[in-house]
$ cat upload-v9.txt   # compact mmCIF, C-alpha atoms
# COMPACT_ATOMS: atom_id res chain seq x y z
CA MET E 31 16.77 103.96 105.35
CA LYS E 32 16.16 100.85 103.27
CA ASN E 33 14.39 101.32 99.95
CA LEU E 34 11.94 98.42 100.10
CA LYS E 35 9.82 99.91 97.31
CA LEU E 36 12.65 99.54 94.87
CA LYS E 37 13.32 96.00 96.00
CA ALA E 38 9.66 95.09 95.67
CA ALA E 39 9.31 96.70 92.22
CA ARG E 40 12.38 94.87 91.01
CA ALA E 41 11.18 91.57 92.43
CA ALA E 42 7.78 92.10 90.80
CA LEU E 43 9.49 92.15 87.41
CA ASP E 44 11.58 89.13 88.44
CA LEU E 45 14.78 91.06 88.00
CA SER E 46 17.93 90.38 90.00
CA GLN E 47 20.10 93.26 91.21
CA GLN E 48 22.54 92.42 88.44
CA ASP E 49 19.77 92.49 85.79
CA LEU E 50 18.59 95.90 86.93
CA ALA E 51 22.18 97.17 87.19
CA ASP E 52 22.90 96.06 83.60
CA LYS E 53 19.75 97.75 82.34
CA VAL E 54 20.52 101.10 83.97
CA GLY E 55 24.28 100.92 83.38
CA VAL E 56 25.60 100.81 86.94
CA SER E 57 27.28 98.17 89.08
CA ARG E 58 25.28 95.59 91.03
CA GLN E 59 26.82 96.97 94.22
CA THR E 60 25.30 100.38 93.47
CA ILE E 61 21.78 98.92 93.19
CA ASN E 62 22.46 96.99 96.41
CA ALA E 63 23.63 100.20 98.13
CA ILE E 64 20.47 102.07 96.99
CA GLU E 65 18.20 99.29 98.26
CA LYS E 66 20.04 99.20 101.58
CA GLY E 67 19.83 102.97 101.88
CA ASP E 68 23.61 103.35 101.89
CA TYR E 69 23.63 105.53 98.77
CA ASN E 70 21.36 108.32 97.54
CA PRO E 71 21.31 108.19 93.75
CA THR E 72 21.28 111.26 91.51
CA ILE E 73 18.05 112.27 89.84
CA ASN E 74 19.34 110.89 86.53
CA LEU E 75 19.91 107.45 87.98
CA CYS E 76 16.52 107.56 89.75
CA ARG E 77 14.86 108.30 86.42
CA SER E 78 16.74 105.47 84.68
CA ILE E 79 15.67 103.02 87.39
CA CYS E 80 12.06 104.18 87.24
CA LYS E 81 11.99 103.84 83.45
CA VAL E 82 13.28 100.26 83.63
CA LEU E 83 10.85 99.34 86.39
CA GLY E 84 7.91 101.14 84.73
CA LYS E 85 7.24 103.26 87.82
CA THR E 86 7.23 106.95 88.64
CA LEU E 87 9.77 108.69 90.85
CA ASP E 88 7.12 109.09 93.53
CA GLU E 89 6.34 105.39 93.54
CA ILE E 90 9.92 104.31 94.09
CA PHE E 91 11.70 107.17 95.78
CA TRP E 92 9.14 109.27 97.60
CA GLU E 93 9.09 108.69 101.32
CA GLU E 94 5.59 108.66 102.79
CA GLU E 95 4.99 110.15 106.23
CA MET H 243 39.59 101.33 69.00
CA ASN H 244 39.02 105.04 69.51
CA LYS H 245 41.35 107.86 68.54
CA SER H 246 42.63 108.64 72.05
CA THR H 247 43.58 104.97 72.63
CA ILE H 248 45.55 104.92 69.36
CA VAL H 249 47.36 108.16 70.28
CA ARG H 250 48.16 106.85 73.78
CA ARG H 251 49.49 103.58 72.39
CA ILE H 252 51.66 105.38 69.85
CA ILE H 253 53.11 107.66 72.58
CA ILE H 254 53.88 104.72 74.90
CA SER H 255 55.42 102.66 72.07
CA VAL H 256 57.58 105.53 70.82
CA LEU H 257 58.80 106.43 74.32
CA PHE H 258 59.51 102.81 75.24
CA ALA H 259 61.35 102.17 71.96
CA ALA H 260 63.33 105.41 72.29
CA VAL H 261 64.50 104.66 75.84
CA LEU H 262 65.23 101.01 74.99
CA LEU H 263 67.21 101.87 71.85
CA ALA H 264 69.10 104.63 73.65
CA THR H 265 70.20 102.28 76.46
CA PRO H 266 73.50 101.29 74.74
CA LEU H 267 74.44 104.99 74.82
CA LEU H 268 74.85 104.64 78.59
CA PHE H 269 77.94 102.58 77.97
CA VAL H 270 79.43 105.36 75.84
CA ILE H 271 79.17 107.86 78.71
CA LYS H 272 82.55 108.36 80.29
CA THR H 273 82.10 107.93 84.01
CA PRO H 274 83.99 110.16 86.46
CA ARG H 275 86.04 107.10 87.34
CA GLU H 276 87.03 106.52 83.72
CA LYS H 277 87.90 110.19 83.36
CA LYS H 278 90.07 110.35 86.46
CA THR H 279 91.79 106.97 86.35
CA LEU H 280 95.55 107.18 85.91
CA LYS H 281 97.04 104.35 83.88
CA TRP H 282 100.67 103.50 83.33
CA THR H 283 103.03 100.57 82.91
CA SER H 284 106.29 99.70 84.61
CA THR H 285 108.73 96.84 84.43
CA ILE H 286 110.18 95.36 87.61
CA GLU H 287 113.32 93.27 87.20
CA ILE H 288 114.73 90.76 89.63
CA ASN H 289 118.37 89.74 89.45
CA ASP H 290 119.70 87.28 92.01
CA GLY H 291 116.90 88.26 94.34
CA ASN H 292 117.55 92.00 93.99
CA LEU H 293 114.70 94.16 92.73
CA ASN H 294 114.91 97.10 90.35
CA PRO H 295 113.09 99.34 91.10
CA LYS H 296 112.12 98.59 94.69
CA SER H 297 109.23 101.02 94.64
CA ASN H 298 107.11 103.27 92.44
CA SER H 299 104.85 106.17 93.22
CA VAL H 300 102.14 108.36 91.77
CA ASP H 301 100.87 111.74 93.02
CA PHE H 302 97.29 112.87 93.32
CA LYS H 303 95.46 115.87 94.70
CA VAL H 304 92.36 116.16 96.87
CA ASP H 305 90.36 119.40 96.56
CA LYS H 306 87.55 118.84 99.04
CA ALA H 307 87.55 117.15 102.44
CA GLY H 308 85.39 114.05 102.76
CA GLU H 309 85.16 110.35 102.10
CA HIS H 310 87.03 109.30 98.99
CA THR H 311 87.00 105.99 97.22
CA LEU H 312 90.46 104.86 96.17
CA TYR H 313 90.78 102.30 93.39
CA PHE H 314 94.10 100.49 93.13
CA SER H 315 94.94 98.05 90.42
CA LEU H 316 98.36 96.52 89.95
CA ILE H 317 98.09 93.64 87.53
CA PRO H 318 100.96 91.73 85.89
CA ASP H 319 100.89 91.59 82.08
CA GLY H 320 98.91 88.62 80.83
CA TYR H 321 96.38 88.72 83.64
CA ASP H 322 93.16 90.62 84.16
CA GLU H 323 90.66 91.31 86.97
CA ASP H 324 89.15 87.85 86.61
CA SER H 325 92.38 85.88 86.54
CA ILE H 326 94.13 87.97 89.20
CA GLY H 327 93.63 85.19 91.75
CA GLU H 328 95.91 82.94 89.70
CA VAL H 329 98.94 85.22 90.14
CA LYS H 330 101.51 83.53 92.37
CA PRO H 331 104.16 85.72 94.06
CA SER H 332 106.60 82.80 93.80
CA ASP H 333 106.31 82.91 89.97
CA ILE H 334 106.98 86.65 89.69
CA GLY H 335 109.65 86.59 92.40
CA PHE H 336 108.40 89.30 94.73
CA ILE H 337 105.40 90.52 96.68
CA THR H 338 103.64 93.86 96.27
CA THR H 339 102.09 96.28 98.70
CA PHE H 340 101.33 99.97 98.82
CA THR H 341 100.68 102.95 101.04
CA VAL H 342 99.06 106.35 100.65
CA THR H 343 100.92 109.24 102.28
CA ASP H 344 100.05 112.89 102.71
CA SER H 345 102.30 115.91 102.08
CA ASP H 346 103.87 115.45 105.57
CA ASN H 347 104.73 111.85 104.63
CA GLU H 348 102.21 110.54 107.13
CA VAL H 349 100.66 107.23 106.11
CA VAL H 350 96.88 107.63 105.64
CA TYR H 351 96.31 104.20 104.18
CA SER H 352 98.27 100.94 103.95
CA SER H 353 97.38 97.86 102.00
CA THR H 354 97.91 94.40 103.36
CA GLN H 355 100.41 92.08 101.71
CA GLY H 356 99.83 90.97 98.16
CA ALA H 357 97.01 93.42 97.52
CA ILE H 358 97.10 94.11 93.79
CA PHE H 359 93.44 94.85 93.07
CA LEU H 360 91.66 96.85 95.73
CA GLU H 361 88.95 99.43 96.37
CA THR H 362 88.73 101.25 99.69
CA VAL H 363 87.04 104.28 101.25
CA VAL H 364 89.26 106.74 103.12
CA TYR H 365 88.54 110.13 104.66
CA LEU H 366 90.93 112.64 103.09
CA LYS H 367 91.56 116.32 103.74
CA PRO H 368 92.40 118.72 100.89
CA GLY H 369 96.06 118.50 99.86
CA ASN H 370 98.63 116.57 97.90
CA TYR H 371 98.98 112.84 98.36
CA LYS H 372 101.21 110.09 97.06
CA VAL H 373 100.59 106.41 96.42
CA ASN H 374 103.78 104.42 97.05
CA TYR H 375 104.03 100.95 95.58
CA TYR H 376 106.61 98.68 97.26
CA TYR H 377 108.03 95.38 96.07
CA PHE H 378 109.64 92.83 98.39
CA ALA H 379 111.77 89.84 97.52
CA ASP H 380 113.49 89.78 100.89
CA GLU H 381 111.59 88.48 103.88
CA ASP H 382 113.41 90.70 106.43
CA GLU H 383 112.58 93.89 104.52
CA PHE H 384 108.99 92.75 104.14
CA TYR H 385 108.78 91.91 107.84
CA ASP H 386 110.10 95.38 108.78
CA PHE H 387 107.61 97.09 106.50
CA GLU H 388 104.60 95.11 107.68
CA SER H 389 105.40 95.22 111.38
CA THR H 390 105.96 98.99 111.39
CA ASN H 391 103.24 100.05 108.97
CA ILE H 392 100.31 97.74 109.11
CA VAL H 393 100.13 94.79 111.45
CA SER H 394 101.33 93.53 114.80
CA ILE H 395 104.68 91.74 115.13
CA ASN H 396 103.04 88.34 115.54
CA GLU H 397 100.89 88.87 112.46
CA ALA H 398 103.90 90.06 110.46
CA LYS H 399 105.82 86.92 111.49
CA GLN H 400 102.90 84.75 110.42
CA MET H 401 102.67 86.60 107.09
CA VAL H 402 106.35 86.03 106.34
CA LYS H 403 105.92 82.36 107.21
CA ASP H 404 102.84 81.98 105.00
CA ILE H 405 104.38 83.71 101.99
CA ASN H 406 107.44 81.45 101.96
CA PHE H 407 109.98 83.79 100.33
CA LEU H 408 112.42 80.91 99.85
CA SER H 409 110.26 79.50 97.07
CA PHE H 410 110.43 82.75 95.03
CA LYS H 411 112.28 82.75 91.73
CA GLU H 412 115.45 84.87 91.79
CA ASN H 413 115.70 86.12 88.20
CA GLY H 414 113.29 87.52 85.67
CA LYS H 415 111.18 90.54 84.92
CA THR H 416 107.50 91.38 85.17
CA VAL H 417 105.57 94.10 83.38
CA PHE H 418 102.92 95.60 85.61
CA ASN H 419 99.88 97.54 84.45
CA TYR H 420 98.89 100.12 87.05
CA GLU H 421 95.61 101.89 87.50
CA PHE H 422 94.78 104.34 90.23
CA CYS H 423 91.78 106.57 90.82
CA CYS H 424 90.60 108.77 93.66
CA LEU H 425 86.95 109.77 93.60
CA ASN H 426 85.06 111.86 96.08
CA LYS H 427 81.67 110.62 97.26
CA GLU H 428 79.63 112.83 94.89
CA ASP H 429 81.65 111.78 91.81
CA GLY H 430 81.29 108.15 92.79
CA LEU H 431 77.51 108.47 92.85
CA VAL H 432 77.06 110.19 89.47
CA PHE H 433 77.00 107.12 87.26
CA PRO H 434 75.03 104.80 89.60
CA THR H 435 72.42 107.58 89.91
CA ILE H 436 72.13 107.92 86.12
CA MET H 437 71.85 104.14 85.79
CA MET H 438 69.18 103.97 88.51
CA ALA H 439 67.09 106.76 86.97
CA TRP H 440 67.41 105.15 83.56
CA GLY H 441 66.41 101.75 84.94
CA LEU H 442 63.37 103.22 86.69
CA THR H 443 62.25 105.04 83.52
CA LEU H 444 62.71 101.93 81.41
CA GLY H 445 60.90 99.78 84.00
CA LEU H 446 57.96 102.18 84.20
CA LEU H 447 57.63 102.42 80.42
CA PHE H 448 57.84 98.64 80.17
CA GLY H 449 55.07 98.41 82.76
CA PHE H 450 52.87 100.84 80.76
CA PHE H 451 53.66 98.95 77.57
CA VAL H 452 52.72 95.55 79.03
CA ALA H 453 49.61 96.97 80.71
CA GLU H 454 48.43 98.75 77.58
CA PHE H 455 49.06 96.06 75.00
CA ILE H 456 48.80 92.80 76.88
CA PHE H 457 46.61 93.05 79.95
CA LEU H 458 44.44 96.12 80.13
CA GLY H 459 44.40 97.56 76.62
CA ASN H 460 40.85 96.58 75.68
CA ASP H 461 39.50 97.94 78.93
CA SER H 462 40.92 101.36 78.16
CA LYS H 463 37.42 102.88 78.17
CA LYS H 464 36.55 101.96 81.70
CA LYS H 465 33.08 102.82 82.85
CA TYR H 466 32.41 103.67 86.47
CA ASP H 467 28.97 104.52 87.74
CA GLU H 468 28.16 107.64 89.78
CA ARG H 469 28.50 105.93 93.18
CA GLN H 470 31.90 104.51 92.24
CA ILE H 471 33.16 107.91 91.10
CA ILE H 472 32.03 109.48 94.39
CA GLU H 473 33.74 106.71 96.40
CA GLN H 474 36.91 107.08 94.32
CA GLY H 475 36.91 110.79 95.15
CA LYS H 476 36.70 110.02 98.86
CA ALA H 477 39.44 107.38 98.52
CA PHE H 478 41.64 109.82 96.66
CA LYS H 479 41.19 112.44 99.38
CA ILE H 480 42.10 110.03 102.18
CA GLY H 481 45.02 108.55 100.17
CA PHE H 482 46.32 112.04 99.43
CA PHE H 483 46.27 113.01 103.11
CA VAL H 484 47.99 109.76 104.13
CA MET H 485 50.73 110.53 101.60
CA LEU H 486 50.97 114.13 102.79
CA ILE H 487 51.32 113.08 106.45
CA THR H 488 53.93 110.46 105.53
CA VAL H 489 55.94 112.99 103.49
CA GLU H 490 55.84 115.39 106.44
CA ALA H 491 57.01 112.57 108.74
CA VAL H 492 59.87 111.85 106.32
CA ILE H 493 60.86 115.53 106.33
CA ILE H 494 60.88 115.54 110.15
CA LEU H 495 62.97 112.34 110.18
CA ASN H 496 65.32 113.91 107.68
CA VAL H 497 65.74 117.13 109.63
CA SER H 498 66.26 115.25 112.89
CA GLY H 499 68.92 113.09 111.25
CA LEU H 500 67.03 109.84 111.77
CA ALA H 501 66.54 109.26 108.05
CA THR H 502 69.95 107.63 107.79
CA VAL H 503 68.62 104.11 108.37
CA ALA H 504 67.56 103.90 104.71
CA ASP H 505 68.19 105.47 101.30
CA TYR H 506 66.00 108.50 100.57
CA PRO H 507 64.01 106.80 97.77
CA VAL H 508 62.84 104.24 100.36
CA PHE H 509 61.23 106.96 102.51
CA TYR H 510 59.55 108.84 99.68
CA GLN H 511 58.43 105.67 97.94
CA THR H 512 56.94 104.53 101.25
CA ALA H 513 54.82 107.68 101.25
CA VAL H 514 53.64 106.96 97.70
CA PHE H 515 52.94 103.30 98.54
CA LEU H 516 50.96 104.22 101.67
CA GLY H 517 48.86 106.73 99.72
CA LEU H 518 48.23 104.18 96.97
CA ILE H 519 47.41 101.38 99.40
CA THR H 520 44.91 103.62 101.19
CA TYR H 521 43.27 104.55 97.90
CA ALA H 522 43.13 100.96 96.67
CA VAL H 523 41.90 99.47 99.96
CA TYR H 524 39.15 102.10 100.32
CA CYS H 525 38.00 101.64 96.72
CA ILE H 526 37.99 97.84 96.99
CA TRP H 527 36.08 97.97 100.29
CA TYR H 528 33.44 100.28 98.80
CA GLU H 529 33.35 98.27 95.57
CA SER H 530 34.48 101.03 93.30
CA TYR H 531 37.93 99.79 92.31
CA PHE H 532 36.93 97.80 89.26
CA ALA H 533 34.95 99.41 86.44
CA ILE H 534 31.55 98.02 85.48
CA ASN H 535 32.88 96.74 82.16
CA GLU H 536 36.23 95.55 83.52
CA LYS H 537 37.30 91.91 83.48
CA THR H 538 38.49 91.55 87.07
CA THR H 539 40.14 88.15 86.53
CA ARG H 540 42.53 89.63 84.00
CA VAL H 541 43.44 92.52 86.30
CA ILE H 542 44.03 90.14 89.22
CA ILE H 543 46.27 87.96 87.02
CA PHE H 544 48.17 91.09 85.97
CA PHE H 545 48.62 92.16 89.60
CA ALA H 546 49.71 88.65 90.61
CA PHE H 547 52.24 88.71 87.74
CA ILE H 548 53.73 92.03 88.92
CA ALA H 549 53.74 90.86 92.55
CA LEU H 550 55.52 87.64 91.57
CA ILE H 551 58.19 89.44 89.52
CA ASN H 552 58.87 91.83 92.39
CA LEU H 553 58.94 88.97 94.90
CA VAL H 554 61.51 87.07 92.82
CA ILE H 555 63.67 90.21 92.45
CA GLY H 556 63.29 90.87 96.19
CA ILE H 557 64.39 87.32 97.08
CA ILE H 558 67.38 87.59 94.73
CA ASN H 559 68.32 90.88 96.42
CA ILE H 560 68.03 89.25 99.87
CA ILE H 561 70.19 86.30 98.78
CA ASN H 562 72.81 88.70 97.36
CA GLY H 563 72.71 90.74 100.59
CA GLN H 564 71.75 93.93 98.75
CA ILE H 565 68.76 94.90 100.91
CA ILE H 566 70.84 96.08 103.85
CA VAL H 567 74.30 97.38 103.03
CA ASP H 568 76.54 98.75 105.79
CA GLY H 569 73.58 98.76 108.19
CA ARG H 570 71.52 100.92 105.82
CA ILE H 571 68.38 99.80 103.98
CA THR H 572 68.88 100.29 100.25
CA PHE H 573 66.33 101.22 97.58
CA ARG H 574 66.30 97.55 96.54
CA ILE H 575 63.77 96.90 99.29
CA LEU H 576 61.20 98.65 97.07
CA ASN H 577 60.59 95.43 95.16
CA LEU H 578 59.44 93.79 98.38
CA PHE H 579 57.32 96.89 99.16
CA CYS H 580 55.65 96.40 95.79
CA THR H 581 54.91 92.75 96.64
CA VAL H 582 53.47 93.81 100.01
CA PHE H 583 51.30 96.38 98.19
CA PHE H 584 49.69 93.69 96.03
CA VAL H 585 49.39 91.26 98.94
CA VAL H 586 47.43 93.96 100.83
CA ILE H 587 45.19 94.45 97.77
CA PHE H 588 44.55 90.69 97.50
CA ALA H 589 43.89 90.43 101.25
CA THR H 590 41.37 93.30 101.07
CA MET H 591 39.58 91.63 98.14
CA LEU H 592 39.40 88.39 100.10
CA LEU H 593 38.14 90.12 103.26
CA LYS H 594 35.50 91.96 101.23
CA ILE H 595 34.24 88.71 99.72
CA ILE H 596 34.08 87.12 103.21
CA SER H 597 32.39 90.22 104.65
CA ASN H 598 29.79 90.27 101.84
CA SER H 599 28.96 86.60 102.19
CA HIS H 600 28.69 87.05 105.96
CA LYS H 601 26.28 90.01 105.54
CA SER H 602 24.37 88.10 102.92
CA SER H 603 23.72 85.17 105.24
CA ASN H 604 22.85 87.43 108.20
CA GLU H 605 20.62 89.95 106.46
CA GLU H 606 19.44 87.66 103.66
CA GLU H 607 20.56 90.26 101.18
CA GLU H 608 19.90 89.19 97.67
CA ASP H 609 22.80 88.49 95.36
CA ASP H 610 25.44 89.72 97.76
CA GLU H 611 28.58 87.79 97.02
$ encode --input "upload-v9.txt" --output "structure tokens"
Amino acid sequence: MKNLKLKAARAALDLSQQDLADKVGVSRQTINAIEKGDYNPTINLCRSICKVLGKTLDEIFWEEE
Amino acid sequence: MNKSTIVRRIIISVLFAAVLLATPLLFVIKTPREKKTLKWTSTIEINDGNLNPKSNSVDFKVDKAGEHTLYFSLIPDGYDEDSIGEVKPSDIGFITTFTVTDSDNEVVYSSTQGAIFLETVVYLKPGNYKVNYYYFADEDEFYDFESTNIVSINEAKQMVKDINFLSFKENGKTVFNYEFCCLNKEDGLVFPTIMMAWGLTLGLLFGFFVAEFIFLGNDSKKKYDERQIIEQGKAFKIGFFVMLITVEAVIILNVSGLATVADYPVFYQTAVFLGLITYAVYCIWYESYFAINEKTTRVIIFFAFIALINLVIGIINIINGQIIVDGRITFRILNLFCTVFFVVIFATMLLKIISNSHKSSNEEEEDDE
């Protein structure tokens, strides 16, 4: 399932996939895969992404019913 | 530069230097051929067209049945292997030929006329053999020998006509240097095998050396993210199974006797190449081949460089007819395999770029190249 929350949070900070990837220390393709729902990141990577985006885990990665 | 990089570089440098510096030692090794070659000298005189002696012989023994390579060399003093073509029978006054006979005096091999430097493969059974060297200044004697031993009557007549015995000098003497060697198939392969193994070791170390110091050295601390490491694991698993299946197929081919179409290294290297190609293609397709901090342009240039070198060597081998020898594919085809390997890698990269740009335009995915 696509992670639109991540995409929106990133866009809100005017960050490209590459910018976010550089900040969390992964490849741009990995951020792309997370947004497309092709890859489930580890909790460590989720936390790094949330810290950069200034959001909580729930806000980015929790799926609402 | 961290400690482990320094240690690795020192190890590669020392190994490369050691193998390179030790290479001249290969030429000191006495090959089985050098060990077993019989060398002697004989003088053949010609007085008024009469030869003395008319023949010579040397004995040798075969211990094991099988294909044997026989090396004959019969070179007049003052000439060598390179200038042997300049020897004119008319100047020395006679023509040479030789036969190999077994203990029952049966001829197992006969040379054609004028053969004074020759290498041939003959199947020999265990026993005692004799090489008989014959010299002919008389065309009738030569005709009798050729027509009964080697060729048809018409061919023998033509030979006598072509040689033109009448133009031969009738007096003089010639010192001949003889060399003869009989090697079984295993002995004949010892030195080429050592040379091949040495060449492969040197080539691999040279490759490591170039990669470490020229192309990839600064990227020695490659950083892959968690997704890339997971994808590499999957790629490794698939590549490993592809290699395993290929090795099993090679074993079946070997057992069934179908593996004779190529040298063994070709089959096993094919398995390695297929495993590697699978790994590389999977990693490239799932964007986990290049590290985050890796300069891809430099790696691609390095790959192109290796592919080009192998392509050039492959073309040279094709031109020299060394790829297929006696209907059998030789290990020299591996250079072309290597080129194919890199072509597949480049093609996958290109397809991935096209696929990404296609997805990007269809799904409006941000930043997808």
$ interface_residues --input "upload-v9.txt" --of "chain E" --to "chain H" --cutoff "8 Å" --atoms "all atoms listed in the file" --output "PyMOL selection string"
chain E and resi 46-48+55-57+59-60+62+69+71-72
$ closest_residue --input "upload-v9.txt" --among "E:Ile61, E:Asn70, E:Lys53, E:Ala39" --to "Lys85 of chain E" --atoms "all atoms listed in the file"
E:Ala39
$ atom_distance --input "upload-v9.txt" --atom1 "atom CA of Ile472 of chain H" --atom2 "atom CA of Leu446 of chain H"
28.8 Å
$ residues_around --input "upload-v9.txt" --residues "Asn347 of chain H" --least-positions-apart "2" --cutoff "12 Å" --atoms "only C-alpha atoms" --output "MDAnalysis selection string"
chainID H and resid 341:345 349:351 369:374
$ write_last_selection --input "upload-v9.txt" --atoms "C-alpha atoms" --output "JSON list (two decimals), in the frame of the given file"
[["chain", "number", "residue", "atom", "x", "y", "z"],
["H", 341, "THR", "CA", 100.68, 102.95, 101.04],
["H", 342, "VAL", "CA", 99.06, 106.35, 100.65],
["H", 343, "THR", "CA", 100.92, 109.24, 102.28],
["H", 344, "ASP", "CA", 100.05, 112.89, 102.71],
["H", 345, "SER", "CA", 102.30, 115.91, 102.08],
["H", 349, "VAL", "CA", 100.66, 107.23, 106.11],
["H", 350, "VAL", "CA", 96.88, 107.63, 105.64],
["H", 351, "TYR", "CA", 96.31, 104.20, 104.18],
["H", 369, "GLY", "CA", 96.06, 118.50, 99.86],
["H", 370, "ASN", "CA", 98.63, 116.57, 97.90],
["H", 371, "TYR", "CA", 98.98, 112.84, 98.36],
["H", 372, "LYS", "CA", 101.21, 110.09, 97.06],
["H", 373, "VAL", "CA", 100.59, 106.41, 96.42],
["H", 374, "ASN", "CA", 103.78, 104.42, 97.05]]
$ atom_distance --input "upload-v9.txt" --atom1 "atom CA of Phe269 of chain H" --atom2 "atom CA of Leu257 of chain H"
19.9 Å
$ residues_around --input "upload-v9.txt" --residues "Glu388 of chain H" --least-positions-apart "5" --cutoff "12 Å" --atoms "only C-alpha atoms" --output "ChimeraX atom specification"
/H:337-341,352-356,376,378,381-383,393-402
$ write_last_selection --input "upload-v9.txt" --atoms "C-alpha atoms" --output "PDB file, in the frame of the given file"
ATOM      1  CA  ILE H 337     105.400  90.520  96.680  1.00  0.00           C
ATOM      2  CA  THR H 338     103.640  93.860  96.270  1.00  0.00           C
ATOM      3  CA  THR H 339     102.090  96.280  98.700  1.00  0.00           C
ATOM      4  CA  PHE H 340     101.330  99.970  98.820  1.00  0.00           C
ATOM      5  CA  THR H 341     100.680 102.950 101.040  1.00  0.00           C
ATOM      6  CA  SER H 352      98.270 100.940 103.950  1.00  0.00           C
ATOM      7  CA  SER H 353      97.380  97.860 102.000  1.00  0.00           C
ATOM      8  CA  THR H 354      97.910  94.400 103.360  1.00  0.00           C
ATOM      9  CA  GLN H 355     100.410  92.080 101.710  1.00  0.00           C
ATOM     10  CA  GLY H 356      99.830  90.970  98.160  1.00  0.00           C
ATOM     11  CA  TYR H 376     106.610  98.680  97.260  1.00  0.00           C
ATOM     12  CA  PHE H 378     109.640  92.830  98.390  1.00  0.00           C
ATOM     13  CA  GLU H 381     111.590  88.480 103.880  1.00  0.00           C
ATOM     14  CA  ASP H 382     113.410  90.700 106.430  1.00  0.00           C
ATOM     15  CA  GLU H 383     112.580  93.890 104.520  1.00  0.00           C
ATOM     16  CA  VAL H 393     100.130  94.790 111.450  1.00  0.00           C
ATOM     17  CA  SER H 394     101.330  93.530 114.800  1.00  0.00           C
ATOM     18  CA  ILE H 395     104.680  91.740 115.130  1.00  0.00           C
ATOM     19  CA  ASN H 396     103.040  88.340 115.540  1.00  0.00           C
ATOM     20  CA  GLU H 397     100.890  88.870 112.460  1.00  0.00           C
ATOM     21  CA  ALA H 398     103.900  90.060 110.460  1.00  0.00           C
ATOM     22  CA  LYS H 399     105.820  86.920 111.490  1.00  0.00           C
ATOM     23  CA  GLN H 400     102.900  84.750 110.420  1.00  0.00           C
ATOM     24  CA  MET H 401     102.670  86.600 107.090  1.00  0.00           C
ATOM     25  CA  VAL H 402     106.350  86.030 106.340  1.00  0.00           C
TER      26      VAL H 402
END
$ atom_distance --input "upload-v9.txt" --atom1 "atom CA of Ala477 of chain H" --atom2 "atom CA of Ala522 of chain H"
7.6 Å
$ residues_near_point --input "upload-v9.txt" --point "(18.7, 103.6, 101.6)" --cutoff "7 Å" --atoms "all atoms listed in the file" --output "list in words"
Met31, Lys32, Asn33, Ala63, Ile64, Glu65, Lys66, Gly67, Asp68, Tyr69 and Asn70 of chain E
